[in-house]
Amino acid sequence: MNNYKVIKGKNKYNYYTIFIPDETVGIANGHYEIWDIDSGGSEFYEEGQLVFEDDELIDYDGTSSLAESIINEIAEVRKITL
């Protein structure tokens with residue numbers, strides 16, 4: 001069972017939740033969700049997987065690019081190498 005650091009936030013248009021695995025050695029997976037504020041996710045919803053290796057975000061899956069808000073939040077607690 002994985003334990004995660006959970007980060008919740010919002011920007012001008014969306015809410016987001018990020019799950020960053022507590023493991024800092026080896027490969028561990030986290031994930032994220034983004035949804036629009038006005039409809040509560042009925043009009044816009046996005047999610048994806050985050051791949052960490054040795055305390056560093058090395059890859060992601062689910063979208064063609066990561067939202068700036070997600071990148072900024074992860075950068076506060078982990079290194080990012082994409």
# chains A, B, ... in the order shown; residues from 1 in each chain; ligands from 1

call {"tool": "residues_around", "arguments": {"residues": "region 55-65 of chain A", "least_positions_apart": "6", "cutoff": "9 Å", "atoms": "only C-alpha atoms", "output": "VMD selection string"}}
result
chain A and resid 22 to 28 31 46 to 49 74 to 75 78 to 82

call {"tool": "select_by_dssp", "arguments": {"residues": "chain A", "states": "strand (DSSP E)", "output": "PyMOL selection string"}}
result
chain A and resi 4-10+14-21+27-36+45-53+56-61+79-80

call {"tool": "residues_around", "arguments": {"residues": "Tyr45 (chain A)", "least_positions_apart": "3", "cutoff": "9 Å", "atoms": "only C-alpha atoms", "output": "ChimeraX atom specification"}}
result
/A:33-36,40-42

call {"tool": "residues_around", "arguments": {"residues": "Lys12 (chain A)", "least_positions_apart": "2", "cutoff": "12 Å", "atoms": "only C-alpha atoms", "output": "MDAnalysis selection string"}}
result
chainID A and resid 9:10 14:16 35:38 69

call {"tool": "write_last_selection", "arguments": {"atoms": "C-alpha atoms", "output": "PDB file, in the first residue's frame"}}
result
ATOM      1  CA  GLY A   9      -5.311  23.690  -4.610  1.00  0.00           C
ATOM      2  CA  LYS A  10      -6.993  25.895  -7.154  1.00  0.00           C
ATOM      3  CA  ASN A  14      -9.580  24.873 -11.933  1.00  0.00           C
ATOM      4  CA  TYR A  15      -9.252  22.861  -8.755  1.00  0.00           C
ATOM      5  CA  TYR A  16      -6.574  20.201  -8.547  1.00  0.00           C
ATOM      6  CA  TRP A  35     -11.433  19.862 -12.782  1.00  0.00           C
ATOM      7  CA  ASP A  36     -13.256  23.072 -13.591  1.00  0.00           C
ATOM      8  CA  ILE A  37     -14.588  25.186 -10.738  1.00  0.00           C
ATOM      9  CA  ASP A  38     -17.924  26.263 -12.224  1.00  0.00           C
ATOM     10  CA  SER A  69      -0.047  24.692 -11.463  1.00  0.00           C
TER      11      SER A  69
END

call {"tool": "atom_distance", "arguments": {"atom1": "CA of Ile7 (chain A)", "atom2": "CA of Glu43 (chain A)"}}
result
22.5 Å
